[in-house]
file query-v9.cif (mmCIF, C-alpha atoms and all ligand atoms)
data_structure
#
loop_
_atom_site.group_PDB
_atom_site.id
_atom_site.type_symbol
_atom_site.label_atom_id
_atom_site.label_comp_id
_atom_site.auth_asym_id
_atom_site.auth_seq_id
_atom_site.Cartn_x
_atom_site.Cartn_y
_atom_site.Cartn_z
ATOM 1 C CA MET A 1 32.325 12.812 -8.658
ATOM 2 C CA PRO A 2 28.938 12.563 -6.969
ATOM 3 C CA ASN A 3 28.532 16.245 -6.258
ATOM 4 C CA GLU A 4 28.527 17.074 -9.940
ATOM 5 C CA LEU A 5 25.332 15.121 -10.449
ATOM 6 C CA ASP A 6 22.413 17.434 -10.973
ATOM 7 C CA ALA A 7 18.861 17.021 -9.794
ATOM 8 C CA ALA A 8 17.772 15.490 -13.091
ATOM 9 C CA THR A 9 20.058 12.488 -12.517
ATOM 10 C CA PRO A 10 18.088 9.512 -11.228
ATOM 11 C CA ALA A 11 18.778 8.568 -7.659
ATOM 12 C CA GLY A 12 19.021 5.791 -5.155
ATOM 13 C CA ARG A 13 18.485 6.362 -1.467
ATOM 14 C CA PHE A 14 18.710 5.263 2.126
ATOM 15 C CA ALA A 15 15.683 6.127 4.240
ATOM 16 C CA PRO A 16 16.187 5.286 7.910
ATOM 17 C CA SER A 17 13.587 5.734 10.620
ATOM 18 C CA PRO A 18 15.224 7.694 13.464
ATOM 19 C CA SER A 19 14.122 5.321 16.189
ATOM 20 C CA GLY A 20 17.619 4.682 17.531
ATOM 21 C CA ASP A 21 21.192 4.101 16.419
ATOM 22 C CA LEU A 22 21.776 2.247 13.166
ATOM 23 C CA HIS A 23 23.067 -1.250 13.803
ATOM 24 C CA LEU A 24 25.453 -3.178 11.620
ATOM 25 C CA GLY A 25 22.613 -4.632 9.573
ATOM 26 C CA ASN A 26 21.261 -1.133 8.835
ATOM 27 C CA LEU A 27 24.757 0.107 8.012
ATOM 28 C CA ARG A 28 25.238 -2.838 5.676
ATOM 29 C CA THR A 29 21.977 -2.028 3.897
ATOM 30 C CA ALA A 30 23.079 1.616 3.606
ATOM 31 C CA LEU A 31 26.401 0.492 2.135
ATOM 32 C CA LEU A 32 24.587 -1.682 -0.387
ATOM 33 C CA ALA A 33 22.204 1.128 -1.336
ATOM 34 C CA TRP A 34 25.208 3.415 -1.821
ATOM 35 C CA LEU A 35 27.019 0.807 -3.974
ATOM 36 C CA PHE A 36 23.938 0.162 -6.100
ATOM 37 C CA ALA A 37 23.476 3.910 -6.670
ATOM 38 C CA ARG A 38 27.065 4.982 -7.201
ATOM 39 C CA SER A 39 27.925 2.029 -9.444
ATOM 40 C CA THR A 40 25.111 3.046 -11.777
ATOM 41 C CA GLY A 41 25.921 6.779 -11.873
ATOM 42 C CA ARG A 42 22.981 7.679 -9.696
ATOM 43 C CA ARG A 43 22.711 10.327 -7.045
ATOM 44 C CA PHE A 44 22.484 8.962 -3.526
ATOM 45 C CA LEU A 45 19.917 10.632 -1.294
ATOM 46 C CA LEU A 46 19.201 10.395 2.409
ATOM 47 C CA ARG A 47 15.704 10.701 3.740
ATOM 48 C CA VAL A 48 14.897 10.647 7.430
ATOM 49 C CA GLU A 49 11.523 8.958 7.889
ATOM 50 C CA ASP A 50 10.513 10.815 10.998
ATOM 51 C CA LEU A 51 6.720 10.673 10.813
ATOM 52 C CA ASP A 52 6.781 7.976 13.456
ATOM 53 C CA ARG A 53 9.029 6.348 16.042
ATOM 54 C CA VAL A 54 11.354 9.305 16.569
ATOM 55 C CA ARG A 55 13.987 9.238 19.284
ATOM 56 C CA ALA A 56 15.612 12.582 20.087
ATOM 57 C CA GLY A 57 19.090 12.876 18.590
ATOM 58 C CA ALA A 58 18.853 9.612 16.669
ATOM 59 C CA ALA A 59 18.704 11.140 13.182
ATOM 60 C CA ASP A 60 21.874 13.165 13.756
ATOM 61 C CA ARG A 61 23.706 10.126 15.098
ATOM 62 C CA GLN A 62 22.538 8.041 12.146
ATOM 63 C CA LEU A 63 23.855 10.626 9.685
ATOM 64 C CA ALA A 64 27.134 10.906 11.590
ATOM 65 C CA ASP A 65 27.578 7.119 11.494
ATOM 66 C CA LEU A 66 26.945 6.949 7.756
ATOM 67 C CA ALA A 67 29.462 9.751 7.222
ATOM 68 C CA ALA A 68 31.984 8.013 9.481
ATOM 69 C CA LEU A 69 31.841 4.977 7.217
ATOM 70 C CA GLY A 70 32.638 7.326 4.334
ATOM 71 C CA LEU A 71 29.245 7.143 2.675
ATOM 72 C CA ASP A 72 28.453 10.423 0.964
ATOM 73 C CA TRP A 73 25.148 11.734 -0.269
ATOM 74 C CA ASP A 74 23.909 14.400 -2.622
ATOM 75 C CA GLY A 75 22.055 17.523 -1.621
ATOM 76 C CA ASP A 76 20.344 18.151 1.668
ATOM 77 C CA VAL A 77 18.955 15.418 3.844
ATOM 78 C CA VAL A 78 15.177 15.308 3.502
ATOM 79 C CA TYR A 79 12.968 15.022 6.607
ATOM 80 C CA GLN A 80 9.490 13.643 6.081
ATOM 81 C CA SER A 81 8.098 15.746 8.929
ATOM 82 C CA GLU A 82 8.801 18.835 6.786
ATOM 83 C CA ARG A 83 6.912 17.539 3.764
ATOM 84 C CA LEU A 84 3.358 17.164 5.024
ATOM 85 C CA PRO A 85 1.807 19.320 2.256
ATOM 86 C CA LEU A 86 3.193 16.917 -0.343
ATOM 87 C CA TYR A 87 1.475 13.948 1.295
ATOM 88 C CA ASP A 88 -1.726 15.933 1.766
ATOM 89 C CA ALA A 89 -1.779 16.734 -1.959
ATOM 90 C CA ALA A 90 -1.393 13.067 -2.898
ATOM 91 C CA ILE A 91 -4.131 12.025 -0.487
ATOM 92 C CA ALA A 92 -6.407 14.759 -1.845
ATOM 93 C CA ARG A 93 -5.819 13.457 -5.343
ATOM 94 C CA LEU A 94 -6.904 9.959 -4.328
ATOM 95 C CA GLN A 95 -9.903 11.410 -2.513
ATOM 96 C CA ARG A 96 -10.993 13.329 -5.594
ATOM 97 C CA ALA A 97 -10.745 10.124 -7.603
ATOM 98 C CA GLY A 98 -13.086 8.406 -5.136
ATOM 99 C CA LEU A 99 -10.323 6.028 -4.065
ATOM 100 C CA THR A 100 -10.482 6.523 -0.309
ATOM 101 C CA TYR A 101 -12.775 5.792 2.599
ATOM 102 C CA GLU A 102 -12.815 6.404 6.310
ATOM 103 C CA CYS A 103 -12.052 3.483 8.594
ATOM 104 C CA PHE A 104 -13.158 3.442 12.200
ATOM 105 C CA CYS A 105 -11.776 0.039 13.131
ATOM 106 C CA THR A 106 -9.528 -0.397 16.119
ATOM 107 C CA ARG A 107 -6.457 -2.555 15.759
ATOM 108 C CA ARG A 108 -8.214 -5.203 17.809
ATOM 109 C CA GLU A 109 -11.272 -5.240 15.558
ATOM 110 C CA ILE A 110 -9.045 -5.621 12.517
ATOM 111 C CA GLN A 111 -7.190 -8.521 14.094
ATOM 112 C CA GLN A 112 -10.418 -10.273 14.967
ATOM 113 C CA ALA A 113 -11.956 -9.793 11.524
ATOM 114 C CA ALA A 114 -8.720 -10.720 9.784
ATOM 115 C CA SER A 115 -8.522 -14.018 11.615
ATOM 116 C CA ALA A 116 -11.882 -15.116 10.204
ATOM 117 C CA PRO A 117 -11.782 -18.085 7.829
ATOM 118 C CA HIS A 118 -11.018 -17.144 4.190
ATOM 119 C CA ALA A 119 -9.545 -13.744 5.093
ATOM 120 C CA PRO A 120 -6.243 -13.330 3.237
ATOM 121 C CA ALA A 121 -3.455 -13.210 5.827
ATOM 122 C CA GLY A 122 -2.311 -9.693 6.634
ATOM 123 C CA ALA A 123 -5.014 -7.961 4.605
ATOM 124 C CA TYR A 124 -7.446 -5.397 5.966
ATOM 125 C CA PRO A 125 -10.769 -7.265 5.855
ATOM 126 C CA GLY A 126 -12.724 -4.333 4.407
ATOM 127 C CA THR A 127 -14.986 -3.806 7.405
ATOM 128 C CA CYS A 128 -15.515 -0.085 6.733
ATOM 129 C CA ARG A 129 -15.350 -0.211 2.941
ATOM 130 C CA ASN A 130 -19.066 -0.144 2.279
ATOM 131 C CA LEU A 131 -20.517 1.640 5.276
ATOM 132 C CA THR A 132 -23.622 3.664 4.520
ATOM 133 C CA GLU A 133 -23.533 7.381 5.163
ATOM 134 C CA ALA A 134 -25.722 6.812 8.232
ATOM 135 C CA GLN A 135 -23.366 4.168 9.622
ATOM 136 C CA ARG A 136 -20.451 6.487 9.036
ATOM 137 C CA ASP A 137 -22.195 9.341 10.858
ATOM 138 C CA ASP A 138 -22.863 6.997 13.730
ATOM 139 C CA ARG A 139 -19.258 6.051 14.048
ATOM 140 C CA ARG A 140 -18.082 9.643 13.705
ATOM 141 C CA ALA A 141 -20.460 10.578 16.523
ATOM 142 C CA SER A 142 -18.737 8.028 18.745
ATOM 143 C CA GLY A 143 -15.769 10.402 18.682
ATOM 144 C CA ARG A 144 -13.268 8.006 17.194
ATOM 145 C CA ALA A 145 -11.014 9.755 14.678
ATOM 146 C CA PRO A 146 -11.070 7.704 11.492
ATOM 147 C CA ALA A 147 -8.086 6.584 9.494
ATOM 148 C CA LEU A 148 -8.288 7.075 5.747
ATOM 149 C CA ARG A 149 -7.857 3.964 3.615
ATOM 150 C CA LEU A 150 -7.263 3.324 -0.050
ATOM 151 C CA ARG A 151 -10.104 1.709 -1.922
ATOM 152 C CA ALA A 152 -7.813 -0.743 -3.723
ATOM 153 C CA GLY A 153 -8.920 -2.093 -7.068
ATOM 154 C CA THR A 154 -6.941 -5.303 -6.795
ATOM 155 C CA ASP A 155 -5.762 -7.745 -4.164
ATOM 156 C CA LYS A 156 -2.341 -8.429 -5.595
ATOM 157 C CA PHE A 157 0.356 -6.815 -7.685
ATOM 158 C CA THR A 158 3.663 -7.955 -9.154
ATOM 159 C CA VAL A 159 6.966 -6.138 -8.938
ATOM 160 C CA THR A 160 10.303 -7.234 -10.304
ATOM 161 C CA ASP A 161 13.159 -7.272 -7.853
ATOM 162 C CA GLN A 162 16.632 -6.980 -9.291
ATOM 163 C CA LEU A 163 17.953 -9.650 -6.932
ATOM 164 C CA LEU A 164 14.894 -11.824 -6.359
ATOM 165 C CA GLY A 165 13.054 -11.658 -9.687
ATOM 166 C CA PRO A 166 9.294 -11.254 -10.055
ATOM 167 C CA TYR A 167 7.437 -11.027 -6.758
ATOM 168 C CA THR A 168 3.677 -11.026 -6.454
ATOM 169 C CA GLY A 169 2.291 -9.809 -3.164
ATOM 170 C CA LEU A 170 -0.799 -8.696 -1.414
ATOM 171 C CA VAL A 171 -2.453 -5.343 -2.008
ATOM 172 C CA ASP A 172 -5.213 -4.386 0.398
ATOM 173 C CA ASP A 173 -7.075 -1.266 1.429
ATOM 174 C CA LEU A 174 -3.966 0.145 3.027
ATOM 175 C CA VAL A 175 -4.002 3.111 5.380
ATOM 176 C CA LEU A 176 -3.139 6.435 3.734
ATOM 177 C CA ARG A 177 -3.591 8.636 6.780
ATOM 178 C CA ARG A 178 -3.721 7.360 10.308
ATOM 179 C CA GLY A 179 -6.400 8.262 12.797
ATOM 180 C CA ASP A 180 -3.997 10.716 14.427
ATOM 181 C CA GLY A 181 -3.708 12.585 11.125
ATOM 182 C CA ILE A 182 -0.182 11.420 10.266
ATOM 183 C CA PRO A 183 0.359 10.201 6.690
ATOM 184 C CA ALA A 184 1.069 6.488 6.610
ATOM 185 C CA TYR A 185 4.469 5.049 5.738
ATOM 186 C CA ASN A 186 3.341 3.463 2.453
ATOM 187 C CA LEU A 187 1.917 6.728 1.166
ATOM 188 C CA ALA A 188 4.860 8.886 2.240
ATOM 189 C CA VAL A 189 7.442 6.519 0.745
ATOM 190 C CA VAL A 190 5.711 6.441 -2.619
ATOM 191 C CA VAL A 191 5.259 10.214 -2.761
ATOM 192 C CA ASP A 192 8.817 10.941 -1.664
ATOM 193 C CA ASP A 193 10.565 8.449 -3.904
ATOM 194 C CA ALA A 194 8.850 9.938 -6.949
ATOM 195 C CA ALA A 195 9.216 13.577 -5.825
ATOM 196 C CA GLN A 196 12.928 13.096 -5.189
ATOM 197 C CA GLY A 197 13.610 11.441 -8.546
ATOM 198 C CA ILE A 198 14.422 8.140 -6.872
ATOM 199 C CA ASP A 199 14.115 5.319 -9.385
ATOM 200 C CA GLN A 200 16.110 2.703 -7.460
ATOM 201 C CA VAL A 201 15.000 1.411 -4.071
ATOM 202 C CA VAL A 202 17.489 -0.750 -2.191
ATOM 203 C CA ARG A 203 16.416 -1.819 1.300
ATOM 204 C CA GLY A 204 16.130 -4.778 3.636
ATOM 205 C CA ASP A 205 14.091 -7.740 2.460
ATOM 206 C CA ASP A 206 11.755 -7.330 5.433
ATOM 207 C CA LEU A 207 10.110 -4.698 3.216
ATOM 208 C CA LEU A 208 9.723 -6.912 0.161
ATOM 209 C CA SER A 209 6.076 -7.602 0.965
ATOM 210 C CA SER A 210 5.391 -3.833 0.971
ATOM 211 C CA ALA A 211 6.723 -3.342 -2.552
ATOM 212 C CA PRO A 212 3.575 -4.541 -4.415
ATOM 213 C CA ARG A 213 1.395 -2.180 -2.356
ATOM 214 C CA GLN A 214 3.740 0.710 -2.973
ATOM 215 C CA ALA A 215 4.166 0.110 -6.706
ATOM 216 C CA TYR A 216 0.406 -0.239 -7.102
ATOM 217 C CA LEU A 217 -0.175 2.990 -5.174
ATOM 218 C CA ALA A 218 2.414 4.798 -7.315
ATOM 219 C CA GLY A 219 0.437 3.777 -10.395
ATOM 220 C CA LEU A 220 -2.786 5.165 -8.949
ATOM 221 C CA LEU A 221 -1.021 8.469 -8.323
ATOM 222 C CA GLY A 222 0.343 8.541 -11.858
ATOM 223 C CA LEU A 223 3.884 8.131 -10.539
ATOM 224 C CA PRO A 224 6.551 5.805 -11.924
ATOM 225 C CA ALA A 225 7.429 2.880 -9.667
ATOM 226 C CA PRO A 226 11.154 2.492 -8.923
ATOM 227 C CA THR A 227 13.210 -0.617 -9.519
ATOM 228 C CA TYR A 228 13.656 -2.625 -6.360
ATOM 229 C CA ALA A 229 16.512 -4.581 -4.837
ATOM 230 C CA HIS A 230 15.658 -6.114 -1.483
ATOM 231 C CA VAL A 231 18.804 -7.241 0.281
ATOM 232 C CA PRO A 232 19.173 -9.956 2.914
ATOM 233 C CA LEU A 233 19.022 -8.802 6.519
ATOM 234 C CA ALA A 234 21.520 -9.276 9.282
ATOM 235 C CA LEU A 235 20.465 -11.896 11.830
ATOM 236 C CA ASN A 236 21.747 -12.799 15.275
ATOM 237 C CA ALA A 237 23.113 -16.207 16.168
ATOM 238 C CA ASP A 238 19.550 -17.414 16.900
ATOM 239 C CA GLY A 239 18.423 -16.550 13.392
ATOM 240 C CA LYS A 240 16.394 -13.550 14.562
ATOM 241 C CA ARG A 241 16.648 -10.075 13.113
ATOM 242 C CA LEU A 242 19.701 -8.311 14.558
ATOM 243 C CA ALA A 243 18.822 -5.994 17.434
ATOM 244 C CA LYS A 244 20.552 -3.737 19.934
ATOM 245 C CA ARG A 245 20.728 -6.481 22.556
ATOM 246 C CA ASP A 246 22.817 -8.704 20.297
ATOM 247 C CA GLY A 247 26.168 -7.335 21.451
ATOM 248 C CA ALA A 248 28.428 -4.755 19.867
ATOM 249 C CA VAL A 249 26.104 -3.930 17.008
ATOM 250 C CA THR A 250 26.475 -0.150 16.597
ATOM 251 C CA LEU A 251 29.421 1.912 15.444
ATOM 252 C CA ALA A 252 29.686 3.292 18.990
ATOM 253 C CA ASP A 253 29.726 -0.245 20.451
ATOM 254 C CA GLN A 254 32.417 -1.213 17.972
ATOM 255 C CA ALA A 255 34.441 1.905 18.803
ATOM 256 C CA ALA A 256 34.315 0.914 22.473
ATOM 257 C CA LEU A 257 35.963 -2.377 21.449
ATOM 258 C CA GLY A 258 38.701 -0.432 19.669
ATOM 259 C CA HIS A 259 37.314 -0.980 16.190
ATOM 260 C CA SER A 260 37.454 2.060 13.922
ATOM 261 C CA PRO A 261 34.836 2.855 11.268
ATOM 262 C CA ALA A 262 37.358 1.535 8.719
ATOM 263 C CA ASP A 263 37.460 -1.776 10.617
ATOM 264 C CA VAL A 264 33.676 -1.898 10.538
ATOM 265 C CA LEU A 265 33.637 -1.164 6.814
ATOM 266 C CA GLY A 266 36.013 -4.105 6.410
ATOM 267 C CA MET A 267 33.697 -6.320 8.458
ATOM 268 C CA LEU A 268 30.700 -5.315 6.342
ATOM 269 C CA ALA A 269 32.677 -5.869 3.143
ATOM 270 C CA ARG A 270 33.666 -9.367 4.312
ATOM 271 C CA SER A 271 30.051 -10.125 5.114
ATOM 272 C CA LEU A 272 29.325 -9.327 1.476
ATOM 273 C CA GLY A 273 32.155 -11.503 0.200
ATOM 274 C CA MET A 274 33.966 -8.359 -0.955
ATOM 275 C CA ALA A 275 37.099 -8.378 1.206
ATOM 276 C CA ASP A 276 39.642 -10.836 2.570
ATOM 277 C CA PRO A 277 40.009 -11.511 6.285
ATOM 278 C CA ASP A 278 41.603 -8.532 8.037
ATOM 279 C CA GLU A 279 41.837 -6.584 4.798
ATOM 280 C CA ILE A 280 41.286 -2.844 5.132
ATOM 281 C CA VAL A 281 39.218 -1.691 2.178
ATOM 282 C CA THR A 282 38.081 1.682 0.959
ATOM 283 C CA LEU A 283 34.742 2.535 -0.543
ATOM 284 C CA ALA A 284 36.509 3.269 -3.838
ATOM 285 C CA GLN A 285 37.851 -0.306 -3.847
ATOM 286 C CA LEU A 286 34.443 -1.706 -3.017
ATOM 287 C CA LEU A 287 32.959 0.246 -5.895
ATOM 288 C CA GLU A 288 35.526 -1.329 -8.228
ATOM 289 C CA ARG A 289 34.779 -4.808 -6.905
ATOM 290 C CA TRP A 290 31.029 -4.348 -6.902
ATOM 291 C CA ASP A 291 28.988 -6.988 -8.692
ATOM 292 C CA PRO A 292 25.398 -7.318 -7.476
ATOM 293 C CA ARG A 293 25.185 -10.791 -9.020
ATOM 294 C CA ALA A 294 27.876 -11.983 -6.627
ATOM 295 C CA LEU A 295 26.058 -10.860 -3.482
ATOM 296 C CA PRO A 296 25.359 -13.537 -0.892
ATOM 297 C CA THR A 297 21.726 -14.563 -1.276
ATOM 298 C CA GLY A 298 21.204 -15.554 2.342
ATOM 299 C CA PRO A 299 21.183 -13.434 5.486
ATOM 300 C CA TRP A 300 24.344 -12.333 7.262
ATOM 301 C CA VAL A 301 24.556 -14.017 10.628
ATOM 302 C CA PHE A 302 26.363 -11.604 12.918
ATOM 303 C CA GLY A 303 28.788 -13.109 15.354
ATOM 304 C CA SER A 304 29.171 -16.371 13.459
HETATM 305 N N1 LIG B 401 12.161 3.863 7.014
HETATM 306 C C1 LIG B 401 12.069 2.477 6.730
HETATM 307 C C2 LIG B 401 12.857 1.699 7.753
HETATM 308 O O1 LIG B 401 13.797 2.225 8.307
HETATM 309 C C3 LIG B 401 12.597 2.106 5.357
HETATM 310 C C4 LIG B 401 11.703 2.546 4.283
HETATM 311 C C5 LIG B 401 12.139 2.143 2.892
HETATM 312 O O2 LIG B 401 13.340 1.913 2.659
HETATM 313 O O3 LIG B 401 11.277 2.096 2.030
HETATM 314 O O4 LIG B 401 12.546 0.550 7.980
#
call {"tool": "encode", "arguments": {"input": "query-v9.cif", "output": "structure tokens"}}
result
Amino acid sequence: MPNELDAATPAGRFAPSPSGDLHLGNLRTALLAWLFARSTGRRFLLRVEDLDRVRAGAADRQLADLAALGLDWDGDVVYQSERLPLYDAAIARLQRAGLTYECFCTRREIQQAASAPHAPAGAYPGTCRNLTEAQRDDRRASGRAPALRLRAGTDKFTVTDQLLGPYTGLVDDLVLRRGDGIPAYNLAVVVDDAAQGIDQVVRGDDLLSSAPRQAYLAGLLGLPAPTYAHVPLALNADGKRLAKRDGAVTLADQAALGHSPADVLGMLARSLGMADPDEIVTLAQLLERWDPRALPTGPWVFGS
């Protein structure tokens, strides 16, 4: 079935950062992204977001773990580190439109300015937005490599999430290219989703607040924004985001306990209310049972 889908077929995706092994929460999000895509006749694409936070060997292990669960994907895996010209072209387009400026702020300066009264929480305070040419030359002469920011024309934007409904969130002068020359996550995601024909973004709800920025940026680049479904995260028993230290949280940890990938798929399916206790399920069965409206709305507490 999936391999017959051609490149014109719209796609969903999973886009892990190769910073370590995927844990059960990541695997659950991947399963959900796969179910959303396959149940709607979409291609399912994998993109390794390796512009940042790369640990040697992690991407290969992530792909192997997804395959071990039975998740399949279409075409070749895409690596962001091989697509720099695409991001450069998008940045150049924004530059030509006068929608960028150089920012010389350190993280510390941003934190200090952003904690001033009346500053919207989490927004870049605009320190470098209206520097004069002379001020800019001064700062360049100090030797600090500037980041490039978007000159945003709004401070908020609304997206519609398939699971959560309309969501209005902050848009600020987000970073397009970091001081070290690397394209920023928000820019790369927007460029890649559109370039790959991805019109359905399913990911953890920790990224919900990024969706307005990304959809707004897509519009500025003349790109269609995807539909979004932000899914609840996996938490540990303390209610914190699941992490490596929370026990047997990777496929390898589970294997060491004698649990096969099929057992783990069953565990994930139960966490989604899609399997009975101890039932062994296949992905084909999960696809038949799939109903996004029946998804649990709260987080999955691992180990409970
Ligand atoms: N690479 C991001 C992460 O692993 C996800 C990006 C996205 O799904 O938009 O957190």
call {"tool": "closest_atom_pairs", "arguments": {"input": "query-v9.cif", "of": "chain A", "to": "ligand LIG 401 (chain B)", "cutoff": "8 Å", "atoms": "all atoms listed in the file", "output": "tab-separated table"}}
result
residue	atom	partner	partner_atom	distance
A:Arg13	CA	B:LIG401	O2	8.0
A:Phe14	CA	B:LIG401	O2	6.4
A:Ala15	CA	B:LIG401	N1	5.0
A:Pro16	CA	B:LIG401	O1	3.9
A:Ser17	CA	B:LIG401	O1	4.2
A:Pro18	CA	B:LIG401	O1	7.7
A:Val48	CA	B:LIG401	N1	7.3
A:Glu49	CA	B:LIG401	N1	5.2
A:Tyr185	CA	B:LIG401	C4	7.8
A:Val189	CA	B:LIG401	O3	6.0
A:Val201	CA	B:LIG401	O2	6.9
A:Val202	CA	B:LIG401	O2	6.9
A:Arg203	CA	B:LIG401	O2	5.0
A:Gly204	CA	B:LIG401	O2	7.3
A:Leu207	CA	B:LIG401	O3	7.0
call {"tool": "residues_around", "arguments": {"input": "query-v9.cif", "residues": "A:Ala7", "least_positions_apart": "6", "cutoff": "9 Å", "atoms": "all atoms listed in the file", "output": "ChimeraX atom specification"}}
result
/A:43,75,196-197
call {"tool": "write_last_selection", "arguments": {"input": "query-v9.cif", "atoms": "C-alpha atoms", "output": "compact mmCIF listing (two decimals), in the frame of the given file"}}
result
# COMPACT_ATOMS: atom_id res chain seq x y z
CA ARG A 43 22.71 10.33 -7.04
CA GLY A 75 22.06 17.52 -1.62
CA GLN A 196 12.93 13.10 -5.19
CA GLY A 197 13.61 11.44 -8.55
call {"tool": "axis_aligned_box", "arguments": {"input": "query-v9.cif", "around": "stretch 234-249 of chain A", "padding_each_side": "3 Å", "output": "AutoDock Vina command-line options"}}
result
--center_x 22.4 --center_y -10.6 --center_z 15.9 --size_x 18.0 --size_y 19.7 --size_z 19.3
call {"tool": "resolve_selection", "arguments": {"input": "query-v9.cif", "expression": "the PyMOL selection byres (((chain A and resi 41) around 10) and not hetatm)", "output": "list of chain:residue names"}}
result
A:Met1, A:Pro2, A:Leu5, A:Thr9, A:Pro10, A:Ala11, A:Gly12, A:Leu35, A:Phe36, A:Ala37, A:Arg38, A:Ser39, A:Thr40, A:Arg42, A:Arg43, A:Phe44
call {"tool": "closest_residue", "arguments": {"input": "query-v9.cif", "among": "A:Gly25, A:Gly258, A:Gly126, A:Gly20", "to": "A:Asp60", "atoms": "all atoms listed in the file"}}
result
A:Gly20
call {"tool": "residues_around", "arguments": {"input": "query-v9.cif", "residues": "A:Ser81", "least_positions_apart": "5", "cutoff": "10 Å", "atoms": "all atoms listed in the file", "output": "JSON list (two decimals) with C-alpha atoms, keeping the file's coordinate frame"}}
result
[["chain", "number", "residue", "atom", "x", "y", "z"],
["A", 48, "VAL", "CA", 14.90, 10.65, 7.43],
["A", 49, "GLU", "CA", 11.52, 8.96, 7.89],
["A", 50, "ASP", "CA", 10.51, 10.82, 11.00],
["A", 51, "LEU", "CA", 6.72, 10.67, 10.81],
["A", 52, "ASP", "CA", 6.78, 7.98, 13.46],
["A", 182, "ILE", "CA", -0.18, 11.42, 10.27],
["A", 183, "PRO", "CA", 0.36, 10.20, 6.69]]
call {"tool": "residues_around", "arguments": {"input": "query-v9.cif", "residues": "A:Leu163", "least_positions_apart": "2", "cutoff": "12 Å", "atoms": "all atoms listed in the file", "output": "list of chain:residue names"}}
result
A:Phe36, A:Val159, A:Thr160, A:Asp161, A:Gly165, A:Pro166, A:Tyr167, A:Val201, A:Val202, A:Arg203, A:Gly204, A:Asp205, A:Leu208, A:Thr227, A:Tyr228, A:Ala229, A:His230, A:Val231, A:Pro232, A:Asp291, A:Pro292, A:Arg293, A:Ala294, A:Leu295, A:Pro296, A:Thr297, A:Gly298
call {"tool": "write_last_selection", "arguments": {"input": "query-v9.cif", "atoms": "C-alpha atoms", "output": "tab-separated table (two decimals), keeping the file's coordinate frame"}}
result
chain	number	residue	atom	x	y	z
A	36	PHE	CA	23.94	0.16	-6.10
A	159	VAL	CA	6.97	-6.14	-8.94
A	160	THR	CA	10.30	-7.23	-10.30
A	161	ASP	CA	13.16	-7.27	-7.85
A	165	GLY	CA	13.05	-11.66	-9.69
A	166	PRO	CA	9.29	-11.25	-10.06
A	167	TYR	CA	7.44	-11.03	-6.76
A	201	VAL	CA	15.00	1.41	-4.07
A	202	VAL	CA	17.49	-0.75	-2.19
A	203	ARG	CA	16.42	-1.82	1.30
A	204	GLY	CA	16.13	-4.78	3.64
A	205	ASP	CA	14.09	-7.74	2.46
A	208	LEU	CA	9.72	-6.91	0.16
A	227	THR	CA	13.21	-0.62	-9.52
A	228	TYR	CA	13.66	-2.62	-6.36
A	229	ALA	CA	16.51	-4.58	-4.84
A	230	HIS	CA	15.66	-6.11	-1.48
A	231	VAL	CA	18.80	-7.24	0.28
A	232	PRO	CA	19.17	-9.96	2.91
A	291	ASP	CA	28.99	-6.99	-8.69
A	292	PRO	CA	25.40	-7.32	-7.48
A	293	ARG	CA	25.18	-10.79	-9.02
A	294	ALA	CA	27.88	-11.98	-6.63
A	295	LEU	CA	26.06	-10.86	-3.48
A	296	PRO	CA	25.36	-13.54	-0.89
A	297	THR	CA	21.73	-14.56	-1.28
A	298	GLY	CA	21.20	-15.55	2.34
call {"tool": "atom_distance", "arguments": {"input": "query-v9.cif", "atom1": "atom CA of A:Gly266", "atom2": "atom CA of A:Ile280"}}
result
5.6 Å
call {"tool": "atom_distance", "arguments": {"input": "query-v9.cif", "atom1": "atom CA of A:Phe302", "atom2": "atom CA of A:Arg28"}}
result
11.4 Å
call {"tool": "atom_distance", "arguments": {"input": "query-v9.cif", "atom1": "atom CA of A:His23", "atom2": "atom CA of A:Ala252"}}
result
9.6 Å
call {"tool": "closest_atom_pairs", "arguments": {"input": "query-v9.cif", "of": "stretch 188-250 of chain A", "to": "stretch 134-154 of chain A", "cutoff": "10 Å", "atoms": "only C-alpha atoms", "output": "Markdown table"}}
result
| residue | atom | partner | partner_atom | distance |
| --- | --- | --- | --- | --- |
| A:Arg213 | CA | A:Ala152 | CA | 9.4 |
| A:Tyr216 | CA | A:Ala152 | CA | 8.9 |
| A:Leu217 | CA | A:Ala152 | CA | 8.6 |
| A:Leu220 | CA | A:Ala152 | CA | 9.4 |
call {"tool": "write_last_selection", "arguments": {"input": "query-v9.cif", "atoms": "C-alpha atoms", "output": "mmCIF file, in the coordinates of the input"}}
result
data_model
loop_
_atom_site.group_PDB
_atom_site.id
_atom_site.type_symbol
_atom_site.label_atom_id
_atom_site.label_comp_id
_atom_site.auth_asym_id
_atom_site.auth_seq_id
_atom_site.Cartn_x
_atom_site.Cartn_y
_atom_site.Cartn_z
ATOM 1 C CA ARG A 213 1.395 -2.180 -2.356
ATOM 2 C CA TYR A 216 0.406 -0.239 -7.102
ATOM 3 C CA LEU A 217 -0.175 2.990 -5.174
ATOM 4 C CA LEU A 220 -2.786 5.165 -8.949
#
call {"tool": "closest_residue", "arguments": {"input": "query-v9.cif", "among": "A:Gly303, A:Ala119, A:Ile198, A:Ala89", "to": "A:Ala33", "atoms": "all atoms listed in the file"}}
result
A:Ile198
call {"tool": "residues_around", "arguments": {"input": "query-v9.cif", "residues": "A:Ala67", "least_positions_apart": "6", "cutoff": "12 Å", "atoms": "all atoms listed in the file", "output": "list in words"}}
result
Leu27, Ala30, Leu31, Trp34, Leu46, Asp60, Arg61, Trp73, Leu251, Pro261, Ala262, Leu265 and Leu283 of chain A
call {"tool": "resolve_selection", "arguments": {"input": "query-v9.cif", "expression": "the PyMOL selection byres (((chain A and resi 263) around 12) and not hetatm)", "output": "PyMOL selection string"}}
result
chain A and resi 68-69+251+254-255+257-262+264-270+275+277-282
